[in-house]
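Chemist: Can you read through this structure? Questions will come right after.
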Amino acid sequence: MSRPTPLRGVHEAFGATLTDFAGWLMPLRYGSESTEHNAVRQAAGLFDLSHMGEIFVTGPQAAEALDYALVGYLSALEPGRARYTMIVNPEGGVLDDLIVYRLADDEFMVVANASNYPRVAAELTERAGSFDAVVDDRSEQYALIAVQGPQARAILGELTDADLDGLKYYAGLPATVAGRQALVARTGYTGEDGFELFIAADDAEPLWEALTKAGEPYGLIPVGLSARDTLRLEAGMPLYGNELSTDLTPFDAGLGRVVRFDKPGDFVGRAALEPIKDVPPARRLVGLIATGRRVPRHGYPVVSGDGTIVGEVTSGAPSQTLGKPIAMAYVDNGLSTGLAVDIRGSHEPVDVMDLPFYRRKK
């Protein structure tokens with residue numbers, strides 16, 4: 001049975017279509033997916049992300065434990081800042097992509113994907129075993145709400161006196177929002193500016209209602225998983241299970257920059273990843289823009305002019321911003337022209353481009 005988030009009642013009141021996602025009962029959409037997508041690009045959207053996992057690593061050697069457990073250089077992270085990183089298996093395959101916040105010298109919060117956080121917590125616990133550090137999965141205690149879009153700063157500013165203008169991208173600060181304690185982070189998964197609010201589960205409904213009221217004059221609307229997926233696809237952001245898996249390394253996904261070989265000491269996966277750091281992967285992750293109207297979907301083969309399979313679509317959807325179907329796909333390295341996607345036996349031509357499809361104006 002799917003687990004509800006603390007905001008289930010709110011979603012039902014808004015008339016959301018609810019669906020199972022990674023074992024959670026989540027809003028798929030509230031009305032029109034295109035309306036929700038465009039609201040985030042043009043005004044602001046409100047997201048329930050309470051299915052994500054919050055795992056705390058604390059203690060005198062918390063930084064060293066994370067340096068060993070993850071591919072990133074977390075001991076170099078300043079308190080108040082965040083970093084995108086990954087946890088891999090000894091063979092270098094991606095177990096999950098993560099955002100790690102350094103809350104204090106000896107306190108970190110690791111945010112993991114909904115489908116993976118129990119496994120991430122278990123791996124962190126095992127890998128931290130030889131360090132003076134404690135791993136504590138506090139996911140049940142937290143809710144997570146995001147406000148994303150050009151009006152996100154103005155909306156959140158109505159409810160807090162925190163220095164939002166001084167909050168850098170990939171940073172977080174403790175603040176009072178609508179009278180509730182929150183960790184306010186300037187991160188997101190849409191390609192827009194915005195904020196994610198980590199709060200106590202019991203504070204989720206009051207804060208959602210306060211944000212809804214404050215955002216009404218700015219065009220804020222709730223946004224479900226469908227529009228969240230098309231937004232992140234346009235922004236070229238990977239989804240675990242699609243663009244990332246244990247069969248792929250960070251280098252395969254074009255994210256080798258997150259692997260820090262310059263940090264001191266060993267880390268899990270180093271022996272497998274270091275020999276391949278300068279070796280071009282057999283396939284690379286690219287963007288595809290369909291020249292017709294048919295949409296390339298996850299799992300569809302990418303073919304060359306003679307029909308040879310040269311890749312596979314990992315994510316695809318109609319793009320509201322571009323007005324065309326788009327997709328991400330792994331294709332044989334060196335191929336960039338003359339490709340098509342096999343859509344139920346019909347080879348539909350596509351143009352290949354570097355990601356992302358969409359980049360917001362600063």
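Naming works like this for the structure tokens: A, B, ... for the chains as they're shown, residue 1 at the start of each chain, ligands 1 onward in shown order.
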Can you check which residues of segment 55-289 of chain A DSSP gives as strand (DSSP E) on the backbone and send them as JSON, numbers by chain?
Modeler: {"A": [55, 56, 57, 58, 82, 83, 84, 85, 86, 87, 88, 94, 95, 96, 97, 98, 99, 100, 101, 102, 103, 104, 107, 108, 109, 110, 111, 112, 134, 135, 136, 137, 142, 143, 144, 145, 146, 147, 148, 172, 173, 174, 175, 176, 177, 180, 181, 182, 183, 184, 185, 194, 195, 196, 197, 198, 199, 200, 220, 221, 222, 283, 284, 285, 286, 287, 288, 289]}
Chemist: Let's have the selection written as a PDB file, in the first residue's frame, with C-alpha atoms.
Modeler:
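After the write, again_24.pdb holds the following:
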ATOM      1  CA  ILE A  55      19.560  11.215   6.620  1.00  0.00           C
ATOM      2  CA  PHE A  56      21.741  12.950   9.197  1.00  0.00           C
ATOM      3  CA  VAL A  57      25.421  12.205   9.700  1.00  0.00           C
ATOM      4  CA  THR A  58      26.862  13.739  12.854  1.00  0.00           C
ATOM      5  CA  ALA A  82      25.171  22.207  -0.156  1.00  0.00           C
ATOM      6  CA  ARG A  83      26.643  19.958  -2.816  1.00  0.00           C
ATOM      7  CA  TYR A  84      25.297  17.609  -5.467  1.00  0.00           C
ATOM      8  CA  THR A  85      27.040  14.244  -5.230  1.00  0.00           C
ATOM      9  CA  MET A  86      26.523  10.498  -5.609  1.00  0.00           C
ATOM     10  CA  ILE A  87      26.885   7.262  -3.712  1.00  0.00           C
ATOM     11  CA  VAL A  88      28.262   4.403  -5.807  1.00  0.00           C
ATOM     12  CA  VAL A  94      25.402   4.739  -9.117  1.00  0.00           C
ATOM     13  CA  LEU A  95      23.267   3.758  -6.119  1.00  0.00           C
ATOM     14  CA  ASP A  96      21.710   7.220  -5.886  1.00  0.00           C
ATOM     15  CA  ASP A  97      22.339  10.876  -6.581  1.00  0.00           C
ATOM     16  CA  LEU A  98      22.193  13.085  -3.517  1.00  0.00           C
ATOM     17  CA  ILE A  99      22.292  16.609  -2.179  1.00  0.00           C
ATOM     18  CA  VAL A 100      24.364  16.987   0.981  1.00  0.00           C
ATOM     19  CA  TYR A 101      23.954  20.003   3.268  1.00  0.00           C
ATOM     20  CA  ARG A 102      26.607  20.881   5.813  1.00  0.00           C
ATOM     21  CA  LEU A 103      24.597  22.302   8.696  1.00  0.00           C
ATOM     22  CA  ALA A 104      27.550  22.676  11.104  1.00  0.00           C
ATOM     23  CA  GLU A 107      26.506  17.853  11.212  1.00  0.00           C
ATOM     24  CA  PHE A 108      25.413  16.983   7.678  1.00  0.00           C
ATOM     25  CA  MET A 109      22.036  16.234   6.107  1.00  0.00           C
ATOM     26  CA  VAL A 110      22.014  13.847   3.157  1.00  0.00           C
ATOM     27  CA  VAL A 111      18.903  14.137   0.963  1.00  0.00           C
ATOM     28  CA  ALA A 112      18.216  10.944  -0.998  1.00  0.00           C
ATOM     29  CA  VAL A 134      26.508   8.543  13.738  1.00  0.00           C
ATOM     30  CA  VAL A 135      24.057   7.977  10.872  1.00  0.00           C
ATOM     31  CA  ASP A 136      20.419   8.719  11.702  1.00  0.00           C
ATOM     32  CA  ASP A 137      17.574   8.370   9.190  1.00  0.00           C
ATOM     33  CA  TYR A 142      10.367  15.717   8.010  1.00  0.00           C
ATOM     34  CA  ALA A 143       8.201  17.142   5.290  1.00  0.00           C
ATOM     35  CA  LEU A 144       9.638  18.961   2.287  1.00  0.00           C
ATOM     36  CA  ILE A 145       7.885  21.707   0.335  1.00  0.00           C
ATOM     37  CA  ALA A 146       9.341  23.494  -2.687  1.00  0.00           C
ATOM     38  CA  VAL A 147       8.471  26.857  -4.229  1.00  0.00           C
ATOM     39  CA  GLN A 148       9.896  27.169  -7.734  1.00  0.00           C
ATOM     40  CA  GLY A 172      20.687  26.721   3.149  1.00  0.00           C
ATOM     41  CA  LEU A 173      19.865  28.633   6.300  1.00  0.00           C
ATOM     42  CA  PRO A 174      17.631  28.074   9.324  1.00  0.00           C
ATOM     43  CA  ALA A 175      14.695  30.481   9.316  1.00  0.00           C
ATOM     44  CA  THR A 176      11.188  31.105  10.568  1.00  0.00           C
ATOM     45  CA  VAL A 177       8.634  30.848   7.749  1.00  0.00           C
ATOM     46  CA  ARG A 180       7.325  27.717  11.617  1.00  0.00           C
ATOM     47  CA  GLN A 181      10.941  26.635  11.905  1.00  0.00           C
ATOM     48  CA  ALA A 182      12.451  25.580   8.586  1.00  0.00           C
ATOM     49  CA  LEU A 183      15.697  24.955   6.827  1.00  0.00           C
ATOM     50  CA  VAL A 184      15.400  27.124   3.710  1.00  0.00           C
ATOM     51  CA  ALA A 185      17.531  25.845   0.838  1.00  0.00           C
ATOM     52  CA  GLY A 194      13.419  28.563  -6.092  1.00  0.00           C
ATOM     53  CA  PHE A 195      13.531  27.271  -2.564  1.00  0.00           C
ATOM     54  CA  GLU A 196      13.025  23.996  -0.744  1.00  0.00           C
ATOM     55  CA  LEU A 197      11.722  24.113   2.829  1.00  0.00           C
ATOM     56  CA  PHE A 198      12.621  21.287   5.211  1.00  0.00           C
ATOM     57  CA  ILE A 199      10.116  21.357   8.061  1.00  0.00           C
ATOM     58  CA  ALA A 200       8.641  19.193  10.787  1.00  0.00           C
ATOM     59  CA  LEU A 220       1.328  30.393  -7.561  1.00  0.00           C
ATOM     60  CA  ILE A 221      -0.418  27.052  -8.105  1.00  0.00           C
ATOM     61  CA  PRO A 222       0.235  23.509  -6.821  1.00  0.00           C
ATOM     62  CA  ARG A 283      27.655   5.892 -24.933  1.00  0.00           C
ATOM     63  CA  ARG A 284      26.930   9.457 -23.913  1.00  0.00           C
ATOM     64  CA  LEU A 285      23.796  11.132 -22.603  1.00  0.00           C
ATOM     65  CA  VAL A 286      22.341  13.582 -25.126  1.00  0.00           C
ATOM     66  CA  GLY A 287      19.211  15.554 -25.798  1.00  0.00           C
ATOM     67  CA  LEU A 288      16.872  14.648 -28.655  1.00  0.00           C
ATOM     68  CA  ILE A 289      14.361  16.981 -30.303  1.00  0.00           C
TER      69      ILE A 289
END
Chemist: Return the single residue from A:Ala43, A:Ala63, A:Leu335, A:Ala340 that is closest to Leu77 of chain A, with distances computed using only C-alpha atoms.
Modeler: A:Ala63
Chemist: Which one is closest to Ala133 of chain A: A:Asp105, A:Glu192, A:Asp229, A:Glu64? Count only C-alpha atoms.
Modeler: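 Ranking A:Asp105, A:Glu192, A:Asp229, A:Glu64 by distance to Ala133 of chain A, first place goes to A:Glu64.
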Chemist: Out of segment 105-352 of chain A, which residues get alpha helix (DSSP H) from DSSP, as a compact mmCIF listing (two decimals) with all heavy atoms, in the first residue's frame?
Modeler:
# COMPACT_ATOMS: atom_id res chain seq x y z
N TYR A 117 16.22 5.92 -0.34
CA TYR A 117 16.81 6.38 0.91
C TYR A 117 16.98 5.31 1.99
O TYR A 117 17.95 5.38 2.76
CB TYR A 117 16.10 7.63 1.45
CG TYR A 117 14.76 7.47 2.10
CD1 TYR A 117 14.63 6.94 3.38
CD2 TYR A 117 13.60 7.90 1.46
CE1 TYR A 117 13.40 6.83 3.99
CE2 TYR A 117 12.37 7.80 2.05
CZ TYR A 117 12.26 7.26 3.32
OH TYR A 117 11.04 7.15 3.93
N PRO A 118 16.12 4.27 2.05
CA PRO A 118 16.44 3.23 3.03
C PRO A 118 17.78 2.54 2.73
O PRO A 118 18.56 2.25 3.63
CB PRO A 118 15.27 2.26 2.91
CG PRO A 118 14.13 3.10 2.40
CD PRO A 118 14.79 4.04 1.44
N ARG A 119 18.03 2.29 1.44
CA ARG A 119 19.29 1.67 1.05
C ARG A 119 20.47 2.62 1.30
O ARG A 119 21.54 2.20 1.74
CB ARG A 119 19.24 1.27 -0.42
CG ARG A 119 20.50 0.56 -0.90
CD ARG A 119 20.38 0.15 -2.36
NE ARG A 119 21.53 -0.63 -2.79
CZ ARG A 119 21.70 -1.10 -4.02
NH1 ARG A 119 20.76 -0.87 -4.93
NH2 ARG A 119 22.76 -1.79 -4.34
N VAL A 120 20.27 3.90 0.99
CA VAL A 120 21.33 4.88 1.23
C VAL A 120 21.66 4.95 2.71
O VAL A 120 22.83 4.98 3.10
CB VAL A 120 20.93 6.26 0.68
CG1 VAL A 120 21.94 7.32 1.10
CG2 VAL A 120 20.82 6.22 -0.84
N ALA A 121 20.64 4.97 3.56
CA ALA A 121 20.87 5.02 5.00
C ALA A 121 21.64 3.79 5.47
O ALA A 121 22.56 3.90 6.29
CB ALA A 121 19.54 5.13 5.74
N ALA A 122 21.29 2.63 4.94
CA ALA A 122 21.98 1.40 5.33
C ALA A 122 23.43 1.42 4.87
O ALA A 122 24.35 1.03 5.62
CB ALA A 122 21.26 0.20 4.76
N GLU A 123 23.66 1.88 3.64
CA GLU A 123 25.03 1.95 3.13
C GLU A 123 25.86 2.95 3.93
O GLU A 123 27.03 2.69 4.25
CB GLU A 123 25.02 2.35 1.65
CG GLU A 123 24.56 1.25 0.72
CD GLU A 123 25.59 0.15 0.53
OE1 GLU A 123 26.78 0.37 0.88
OE2 GLU A 123 25.22 -0.93 0.03
N LEU A 124 25.29 4.10 4.24
CA LEU A 124 26.02 5.10 5.01
C LEU A 124 26.37 4.57 6.40
O LEU A 124 27.47 4.80 6.91
CB LEU A 124 25.21 6.39 5.13
CG LEU A 124 25.07 7.23 3.86
CD1 LEU A 124 24.16 8.43 4.13
CD2 LEU A 124 26.44 7.71 3.37
N THR A 125 25.43 3.86 7.00
CA THR A 125 25.67 3.29 8.33
C THR A 125 26.84 2.31 8.28
O THR A 125 27.74 2.34 9.14
CB THR A 125 24.41 2.58 8.84
OG1 THR A 125 23.35 3.53 8.95
CG2 THR A 125 24.65 1.96 10.21
N GLU A 126 26.85 1.46 7.26
CA GLU A 126 27.94 0.48 7.14
C GLU A 126 29.27 1.17 6.85
O GLU A 126 30.30 0.85 7.47
CB GLU A 126 27.62 -0.51 6.03
CG GLU A 126 28.69 -1.57 5.84
CD GLU A 126 28.33 -2.57 4.76
OE1 GLU A 126 27.15 -2.62 4.36
OE2 GLU A 126 29.24 -3.30 4.32
N ARG A 127 29.26 2.13 5.95
CA ARG A 127 30.51 2.79 5.55
C ARG A 127 31.07 3.71 6.62
O ARG A 127 32.27 3.98 6.65
CB ARG A 127 30.29 3.54 4.23
CG ARG A 127 29.89 2.63 3.09
CD ARG A 127 29.66 3.38 1.79
NE ARG A 127 29.10 2.48 0.76
CZ ARG A 127 28.96 2.79 -0.52
NH1 ARG A 127 29.35 3.99 -0.96
NH2 ARG A 127 28.45 1.91 -1.37
N ALA A 152 9.20 32.96 -6.99
CA ALA A 152 9.42 32.23 -5.73
C ALA A 152 10.02 33.12 -4.66
O ALA A 152 9.60 33.08 -3.49
CB ALA A 152 10.33 31.03 -6.00
N ARG A 153 11.00 33.95 -5.02
CA ARG A 153 11.63 34.84 -4.03
C ARG A 153 10.62 35.80 -3.45
O ARG A 153 10.58 36.01 -2.22
CB ARG A 153 12.80 35.58 -4.70
CG ARG A 153 13.27 36.86 -3.99
CD ARG A 153 13.85 36.56 -2.63
NE ARG A 153 14.21 37.77 -1.91
CZ ARG A 153 13.39 38.48 -1.16
NH1 ARG A 153 12.11 38.12 -1.05
NH2 ARG A 153 13.81 39.54 -0.51
N ALA A 154 9.78 36.39 -4.25
CA ALA A 154 8.80 37.35 -3.77
C ALA A 154 7.77 36.69 -2.85
O ALA A 154 7.40 37.25 -1.81
CB ALA A 154 8.10 38.03 -4.95
N ILE A 155 7.34 35.50 -3.21
CA ILE A 155 6.34 34.79 -2.42
C ILE A 155 6.89 34.41 -1.06
O ILE A 155 6.28 34.68 -0.02
CB ILE A 155 5.84 33.54 -3.17
CG1 ILE A 155 5.08 33.96 -4.43
CG2 ILE A 155 4.96 32.68 -2.27
CD1 ILE A 155 4.86 32.81 -5.40
N LEU A 156 8.06 33.79 -1.04
CA LEU A 156 8.64 33.38 0.24
C LEU A 156 8.97 34.59 1.09
O LEU A 156 8.85 34.55 2.32
CB LEU A 156 9.89 32.53 0.00
CG LEU A 156 10.45 31.81 1.22
CD1 LEU A 156 9.40 30.90 1.86
CD2 LEU A 156 11.68 31.01 0.84
N GLY A 157 9.35 35.70 0.46
CA GLY A 157 9.65 36.91 1.20
C GLY A 157 8.47 37.48 1.96
O GLY A 157 8.64 38.23 2.93
N ALA A 204 3.60 20.81 8.02
CA ALA A 204 3.45 20.81 6.56
C ALA A 204 2.16 21.49 6.11
O ALA A 204 2.19 22.38 5.23
CB ALA A 204 3.50 19.38 6.04
N GLU A 205 1.03 21.10 6.67
CA GLU A 205 -0.24 21.68 6.22
C GLU A 205 -0.32 23.18 6.49
O GLU A 205 -0.69 23.94 5.58
CB GLU A 205 -1.42 20.93 6.86
CG GLU A 205 -1.75 19.62 6.17
CD GLU A 205 -3.18 19.18 6.44
OE1 GLU A 205 -4.04 20.02 6.79
OE2 GLU A 205 -3.45 17.97 6.28
N PRO A 206 -0.01 23.67 7.72
CA PRO A 206 -0.08 25.11 7.94
C PRO A 206 0.84 25.91 7.01
O PRO A 206 0.47 26.98 6.53
CB PRO A 206 0.34 25.27 9.40
CG PRO A 206 0.05 23.95 10.04
CD PRO A 206 0.29 22.93 8.97
N LEU A 207 2.02 25.37 6.74
CA LEU A 207 2.95 26.10 5.88
C LEU A 207 2.48 26.08 4.43
O LEU A 207 2.57 27.09 3.72
CB LEU A 207 4.35 25.51 5.99
CG LEU A 207 5.45 26.27 5.24
CD1 LEU A 207 5.47 27.75 5.65
CD2 LEU A 207 6.81 25.65 5.49
N TRP A 208 1.96 24.95 3.96
CA TRP A 208 1.41 24.88 2.61
C TRP A 208 0.29 25.91 2.44
O TRP A 208 0.23 26.62 1.42
CB TRP A 208 0.89 23.47 2.34
CG TRP A 208 0.33 23.23 0.97
CD1 TRP A 208 -0.91 23.58 0.51
CD2 TRP A 208 1.00 22.60 -0.14
NE1 TRP A 208 -1.06 23.19 -0.80
CE2 TRP A 208 0.08 22.59 -1.22
CE3 TRP A 208 2.26 22.02 -0.30
CZ2 TRP A 208 0.40 22.03 -2.46
CZ3 TRP A 208 2.57 21.47 -1.54
CH2 TRP A 208 1.66 21.48 -2.60
N GLU A 209 -0.60 25.98 3.42
CA GLU A 209 -1.72 26.92 3.34
C GLU A 209 -1.22 28.37 3.34
O GLU A 209 -1.74 29.22 2.61
CB GLU A 209 -2.67 26.67 4.50
CG GLU A 209 -3.42 25.34 4.38
CD GLU A 209 -4.14 24.94 5.65
OE1 GLU A 209 -4.07 25.70 6.64
OE2 GLU A 209 -4.76 23.85 5.66
N ALA A 210 -0.19 28.66 4.16
CA ALA A 210 0.35 30.02 4.19
C ALA A 210 1.01 30.38 2.87
O ALA A 210 0.85 31.51 2.37
CB ALA A 210 1.36 30.13 5.34
N LEU A 211 1.73 29.46 2.28
CA LEU A 211 2.37 29.71 0.99
C LEU A 211 1.33 29.88 -0.11
O LEU A 211 1.47 30.75 -0.99
CB LEU A 211 3.31 28.55 0.65
CG LEU A 211 4.62 28.49 1.44
CD1 LEU A 211 5.26 27.12 1.31
CD2 LEU A 211 5.58 29.57 0.95
N THR A 212 0.28 29.08 -0.06
CA THR A 212 -0.79 29.19 -1.06
C THR A 212 -1.43 30.57 -1.01
O THR A 212 -1.65 31.21 -2.05
CB THR A 212 -1.85 28.10 -0.82
OG1 THR A 212 -1.24 26.81 -0.96
CG2 THR A 212 -3.00 28.23 -1.80
N LYS A 213 -1.70 31.04 0.20
CA LYS A 213 -2.33 32.36 0.36
C LYS A 213 -1.39 33.47 -0.08
O LYS A 213 -1.78 34.40 -0.80
CB LYS A 213 -2.75 32.56 1.81
CG LYS A 213 -3.49 33.87 2.07
CD LYS A 213 -3.95 33.97 3.51
CE LYS A 213 -4.69 35.27 3.76
NZ LYS A 213 -5.15 35.37 5.18
N ALA A 214 -0.12 33.39 0.35
CA ALA A 214 0.85 34.43 -0.01
C ALA A 214 1.12 34.43 -1.51
O ALA A 214 1.40 35.49 -2.10
CB ALA A 214 2.16 34.21 0.75
N GLY A 215 1.06 33.26 -2.14
CA GLY A 215 1.39 33.17 -3.55
C GLY A 215 0.27 33.47 -4.50
O GLY A 215 0.51 33.64 -5.71
N LEU A 225 3.52 15.57 -10.01
CA LEU A 225 4.68 14.86 -10.51
C LEU A 225 4.84 14.95 -12.03
O LEU A 225 5.96 14.98 -12.54
CB LEU A 225 4.59 13.38 -10.12
CG LEU A 225 4.75 13.04 -8.64
CD1 LEU A 225 4.50 11.55 -8.44
CD2 LEU A 225 6.14 13.42 -8.13
N SER A 226 3.74 14.99 -12.76
CA SER A 226 3.84 15.03 -14.22
C SER A 226 4.58 16.26 -14.70
O SER A 226 5.51 16.18 -15.51
CB SER A 226 2.45 14.96 -14.86
OG SER A 226 1.90 13.68 -14.74
N ALA A 227 4.16 17.43 -14.22
CA ALA A 227 4.82 18.67 -14.63
C ALA A 227 6.24 18.75 -14.05
O ALA A 227 7.14 19.29 -14.70
CB ALA A 227 4.00 19.88 -14.20
N ARG A 228 6.43 18.21 -12.87
CA ARG A 228 7.78 18.19 -12.30
C ARG A 228 8.72 17.41 -13.22
O ARG A 228 9.89 17.79 -13.41
CB ARG A 228 7.75 17.58 -10.90
CG ARG A 228 9.11 17.54 -10.19
CD ARG A 228 8.92 17.12 -8.74
NE ARG A 228 10.19 17.06 -8.02
CZ ARG A 228 10.82 15.93 -7.69
NH1 ARG A 228 10.27 14.77 -8.01
NH2 ARG A 228 11.94 15.95 -7.04
N ASP A 229 8.22 16.34 -13.80
CA ASP A 229 9.06 15.53 -14.69
C ASP A 229 9.38 16.28 -15.98
O ASP A 229 10.51 16.23 -16.46
CB ASP A 229 8.37 14.20 -15.00
CG ASP A 229 9.29 13.23 -15.69
OD1 ASP A 229 10.39 12.97 -15.16
OD2 ASP A 229 8.93 12.72 -16.76
N THR A 230 8.41 16.96 -16.57
CA THR A 230 8.69 17.69 -17.81
C THR A 230 9.59 18.90 -17.55
O THR A 230 10.42 19.25 -18.40
CB THR A 230 7.39 18.14 -18.50
OG1 THR A 230 6.59 18.92 -17.60
CG2 THR A 230 6.58 16.94 -18.96
N LEU A 231 9.46 19.51 -16.38
CA LEU A 231 10.33 20.63 -16.02
C LEU A 231 11.78 20.17 -15.89
O LEU A 231 12.70 20.79 -16.43
CB LEU A 231 9.85 21.27 -14.72
CG LEU A 231 8.53 22.05 -14.80
CD1 LEU A 231 7.93 22.20 -13.41
CD2 LEU A 231 8.75 23.42 -15.44
N ARG A 232 11.99 19.06 -15.17
CA ARG A 232 13.37 18.59 -14.98
C ARG A 232 13.94 18.06 -16.29
O ARG A 232 15.16 18.15 -16.53
CB ARG A 232 13.43 17.56 -13.86
CG ARG A 232 12.80 16.20 -14.13
CD ARG A 232 13.77 15.17 -14.66
NE ARG A 232 13.06 13.99 -15.18
CZ ARG A 232 13.67 13.07 -15.92
NH1 ARG A 232 14.95 13.16 -16.23
NH2 ARG A 232 12.98 12.04 -16.38
N LEU A 233 13.08 17.50 -17.16
CA LEU A 233 13.55 17.02 -18.46
C LEU A 233 14.04 18.20 -19.30
O LEU A 233 15.12 18.12 -19.91
CB LEU A 233 12.43 16.27 -19.16
CG LEU A 233 12.70 15.76 -20.58
CD1 LEU A 233 13.92 14.86 -20.62
CD2 LEU A 233 11.47 15.02 -21.11
N GLU A 234 13.29 19.28 -19.36
CA GLU A 234 13.73 20.46 -20.09
C GLU A 234 15.05 20.99 -19.55
O GLU A 234 15.90 21.47 -20.30
CB GLU A 234 12.67 21.56 -20.03
CG GLU A 234 11.43 21.29 -20.85
CD GLU A 234 10.47 22.45 -20.84
OE1 GLU A 234 10.62 23.39 -20.01
OE2 GLU A 234 9.53 22.43 -21.67
N ARG A 270 36.45 4.20 -5.67
CA ARG A 270 37.62 4.86 -6.26
C ARG A 270 38.42 3.91 -7.16
O ARG A 270 38.81 4.28 -8.28
CB ARG A 270 38.52 5.41 -5.16
CG ARG A 270 39.75 6.13 -5.72
CD ARG A 270 40.53 6.88 -4.65
NE ARG A 270 41.41 7.85 -5.28
CZ ARG A 270 41.74 9.02 -4.76
NH1 ARG A 270 41.29 9.37 -3.58
NH2 ARG A 270 42.55 9.85 -5.41
N ALA A 271 38.66 2.69 -6.70
CA ALA A 271 39.47 1.75 -7.46
C ALA A 271 38.86 1.44 -8.82
O ALA A 271 39.57 1.18 -9.80
CB ALA A 271 39.64 0.45 -6.66
N ALA A 272 37.53 1.46 -8.91
CA ALA A 272 36.86 1.19 -10.19
C ALA A 272 36.78 2.43 -11.07
O ALA A 272 36.87 2.33 -12.30
CB ALA A 272 35.45 0.66 -9.92
N LEU A 273 36.62 3.61 -10.47
CA LEU A 273 36.40 4.82 -11.24
C LEU A 273 37.68 5.49 -11.73
O LEU A 273 37.71 6.06 -12.82
CB LEU A 273 35.59 5.82 -10.41
CG LEU A 273 34.14 5.41 -10.10
CD1 LEU A 273 33.52 6.40 -9.12
CD2 LEU A 273 33.31 5.34 -11.37
Chemist: Point out the residue among A:Val259, A:Leu49, A:Met328, A:Leu248 with the least atom-to-atom distance to Tyr189 of chain A, counting only C-alpha atoms.
Modeler: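 Of A:Val259, A:Leu49, A:Met328, A:Leu248, the one nearest Tyr189 of chain A is A:Leu49, counting only C-alpha atoms.
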Chemist: Go ahead and compute the interatomic distance for atom CA of Ala327 of chain A and atom CA of Asn89 of chain A, in Å to one decimal.
Modeler: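 These atoms are spaced 27.7 Å apart.
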Chemist: With only C-alpha atoms as the counted atoms, please give the residues lying no more than 8 Å from segment 263-269 of chain A, apart from itself and same-chain residues fewer than 3 positions off, as a list in words.
Modeler: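 Non-adjacent residues within range: Asp67, Tyr68, Ala69, Leu70, Val71, Tyr73, Val88, Asn89, Pro90, Glu91, Gly92, Arg260, Ala272 and Leu273 of chain A.
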Chemist: May I ask for the distance between atom CA of Phe251 of chain A and atom CA of Asn113 of chain A, given in Å to one decimal place?
Modeler: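 For atom CA of Phe251 of chain A relative to atom CA of Asn113 of chain A, the distance reads 20.0 Å.
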Chemist: Using atom CA of Thr291 of chain A and atom CA of Asn242 of chain A as the two end points, give the distance in Å to one decimal.
Modeler: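 Straight-line distance from atom CA of Thr291 of chain A to atom CA of Asn242 of chain A works out to 22.9 Å.
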